[in-house]
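Participant: Provided herewith is a single structure, encoded as structure tokens, for subsequent inquiry.
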Amino acid sequence: MSGDEPTRYPLARSPWALPSAIAAELDPDGRAGRRHKRTVRDWLVDFACFFVAVFIGLLGAESVSGNPDLSEGAAVLDQLVGALACAAVWLRRRWPLGLAIAMVPVSVVSESAGGAAVVALFTLAVHRPFRYVAWVGGISIALVPLFYWVRPDPDLPYVVSAVLGVLLSASVIGWGMFVRSRRQLLLSLRDSAIRAENEAALRAEQAQRLAREDIAREMHDVLAHRLTLLSVHAGALEFRPDAPRAEIARAAGVIRESSHEALQDLRQVIGVLRGGEGEASGRPQPTLAALDTLVAESRDAGMKVALDQRVGDATEVPAAIGRTAYRIAQEALTNARKHAPGAEVTVAVSGRPGEGLAIVVRNPPPPGDVPHVPGSGQGLIGLTERATLAGGRLGHGTSADGGFEVSAWLPWAL
């Protein structure tokens with residue numbers, strides 16, 4: 001999924017079954033602050049609320065008609081106010097607070113408006129914060145004893161009627177607050193899902209970026225060795241055009257072989273970038289077992305290299321550790337060829353499981369003047385980072401005799 005594509009969730013697949021407030025939040029194309037049309041569920045709920053208000057209003061109207069303490073005109077006025085209150089229920093979604101406030105005095109003067117007052121109180125608890133519910137609901141509950149004092153129920157004692165009225169109002173408020181809490185929970189879960197998905201996308205992007213950085217370091221380690229061989233032998237052919245044919249042929253062969261290997265390495269890196277797989281080219285990554293081949297290549301290029309291999313079986317070294325050790329030796333040999341041509345380089349490798357793997361590459365000062373070789377100095381920085389990521393350490397610097405030494409230690413678990 002691209003970063004510009006809006007996130008859609010299964011809840012949003014049937015918006016008709018959701019309240020309009022929830023459907024608006026789950027609508028990725030919705031605009032903030034815009035009123036959304038009622039859904040099918042909203043219409044069903046509105047009709048249900050209207051019928052509840054009418055049903056309770058009819059019960060109240062019947063009670064008013066049978067009340068001998070009220071005149072006929074007062075009963076008709078009560079029923080008329082109740083009918084208007086029931087009609088006002090259809091405005092509950094647009095003005096929940098205003099309707100609830102208006103129903104407080106109306107429910108006191110009209111017993112037929114009791115159903116509309118209950119619906120308005122429930123709507124307020126669903127759609128508005130608790131501070132509004134506390135004020136309006138508290139006033140409504142406080143007026144219940146006054147209502148039954150003014151209009152006592154002929155069938156029930158005053159205390160029982162007041163207690164039942166208070167319990168009814170409190171139950172309606174509690175039910176509405178439960179519905180509101182459930183909606184808020186649903187939206188919070190949706191927000192949590194969005195955050196989790198965004199965090200997963202960020203982690204995937206970071207992992208991809210780290211993988212590309214690893215590929216960039218791999219490119220430097222692999223190609224620097226090959227291209228240094230090309231540079232050295234091409235420079236020899238340039239400055240010694242009168243060299244014997246056998247030496248020229250050997251140098252040309254090294255150039256050809258190094259060019260071929262460099263192209264193979266480039267194909268491998270490009271395959272990784274295109275396909276996202278570390279073995280896209282099918283060539284195995286070099287490990288410590290390939291160190292003899294690396295030393296042989298350097299000797300063929302004219303370097304003096306002494307290998308002190310004290311690891312019993314190089315194939316037993318873990319692949320990741322062996323690959324890191326190989327890259328360290330490769331970069332150190334490349335630097336020695338650049339900055340100390342003609343000097344004999346010593347490569348010492350030792351270690352065993354449980355003690356770790358030690359790699360030391362040392363070269364004395366160059367025997368003569370060294371031409372300036374351009375370089376960024378990033379190779380040793382990359383090696384230090386590679387060794388640290390492997391759980392080891394790497395050090396480098398000038399030795400006491402004026403030469404240069406690279407030493408590294410890598411963990412080798414049992």
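A note on labels: chains of the structure tokens are A, B, ... as shown, every chain counts residues from 1, and ligands are counted from 1 in their shown order.
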Find the nearest atom pair between each residue of region 94-113 of chain A and region 133-155 of chain A for residues within 8 Å, count only C-alpha atoms, give distances in Å to one decimal, sort rows by chain and ascending number, and present the table as a Markdown table.

Facilitator:
```
| residue | atom | partner | partner_atom | distance |
| --- | --- | --- | --- | --- |
| A:Ala100 | CA | A:Val136 | CA | 7.2 |
| A:Ile101 | CA | A:Val136 | CA | 6.5 |
| A:Val104 | CA | A:Ser140 | CA | 6.0 |
| A:Val108 | CA | A:Phe147 | CA | 5.8 |
```

Participant: Using the chain letters and numbers from this document, which residues of region 56-136 of chain A does DSSP assign to helix (DSSP H, G or I), as a PyMOL selection string?

Facilitator: chain A and resi 56-65+72-91+96-109+111-127+130-136

Participant: Check region 278-337 of chain A with DSSP on the backbone and list each residue it calls strand (DSSP E or B), as number ranges by chain.

Facilitator: A: 304-310

Participant: Mind dumping the selected residues with all heavy atoms as a compact mmCIF listing (two decimals), in the first residue's frame?

Facilitator:
```txt
# COMPACT_ATOMS: atom_id res chain seq x y z
N LYS A 304 53.03 -8.46 -1.83
CA LYS A 304 53.69 -9.44 -0.97
C LYS A 304 52.80 -9.63 0.25
O LYS A 304 52.69 -8.74 1.10
CB LYS A 304 55.07 -8.95 -0.55
CG LYS A 304 56.01 -8.70 -1.72
CD LYS A 304 57.32 -8.12 -1.23
CE LYS A 304 58.26 -7.82 -2.40
NZ LYS A 304 59.53 -7.21 -1.93
N VAL A 305 52.15 -10.79 0.33
CA VAL A 305 51.20 -11.05 1.39
C VAL A 305 51.57 -12.35 2.08
O VAL A 305 51.80 -13.37 1.41
CB VAL A 305 49.76 -11.14 0.85
CG1 VAL A 305 48.78 -11.33 2.00
CG2 VAL A 305 49.40 -9.92 0.04
N ALA A 306 51.66 -12.30 3.42
CA ALA A 306 51.90 -13.49 4.23
C ALA A 306 50.64 -13.77 5.03
O ALA A 306 50.16 -12.90 5.78
CB ALA A 306 53.09 -13.27 5.15
N LEU A 307 50.10 -14.95 4.88
CA LEU A 307 48.86 -15.33 5.56
C LEU A 307 49.17 -16.27 6.71
O LEU A 307 49.82 -17.31 6.52
CB LEU A 307 47.90 -16.01 4.58
CG LEU A 307 46.58 -16.54 5.17
CD1 LEU A 307 45.77 -15.41 5.80
CD2 LEU A 307 45.78 -17.26 4.10
N ASP A 308 48.76 -15.89 7.90
CA ASP A 308 48.91 -16.72 9.10
C ASP A 308 47.52 -17.14 9.55
O ASP A 308 46.85 -16.44 10.30
CB ASP A 308 49.62 -15.91 10.19
CG ASP A 308 49.91 -16.77 11.43
OD1 ASP A 308 49.72 -18.00 11.35
OD2 ASP A 308 50.30 -16.20 12.47
N GLN A 309 47.10 -18.30 9.07
CA GLN A 309 45.74 -18.80 9.31
C GLN A 309 45.79 -19.81 10.45
O GLN A 309 46.36 -20.90 10.31
CB GLN A 309 45.20 -19.45 8.04
CG GLN A 309 43.89 -20.20 8.17
CD GLN A 309 42.71 -19.30 8.39
OE1 GLN A 309 42.50 -18.88 9.52
NE2 GLN A 309 41.97 -18.99 7.33
N ARG A 310 45.22 -19.44 11.60
CA ARG A 310 45.25 -20.31 12.77
C ARG A 310 43.86 -20.78 13.19
O ARG A 310 43.67 -21.17 14.34
CB ARG A 310 45.92 -19.59 13.93
CG ARG A 310 47.37 -19.21 13.66
CD ARG A 310 48.03 -18.62 14.88
NE ARG A 310 49.41 -18.24 14.62
CZ ARG A 310 50.22 -17.70 15.52
NH1 ARG A 310 49.78 -17.46 16.74
NH2 ARG A 310 51.46 -17.38 15.19
```
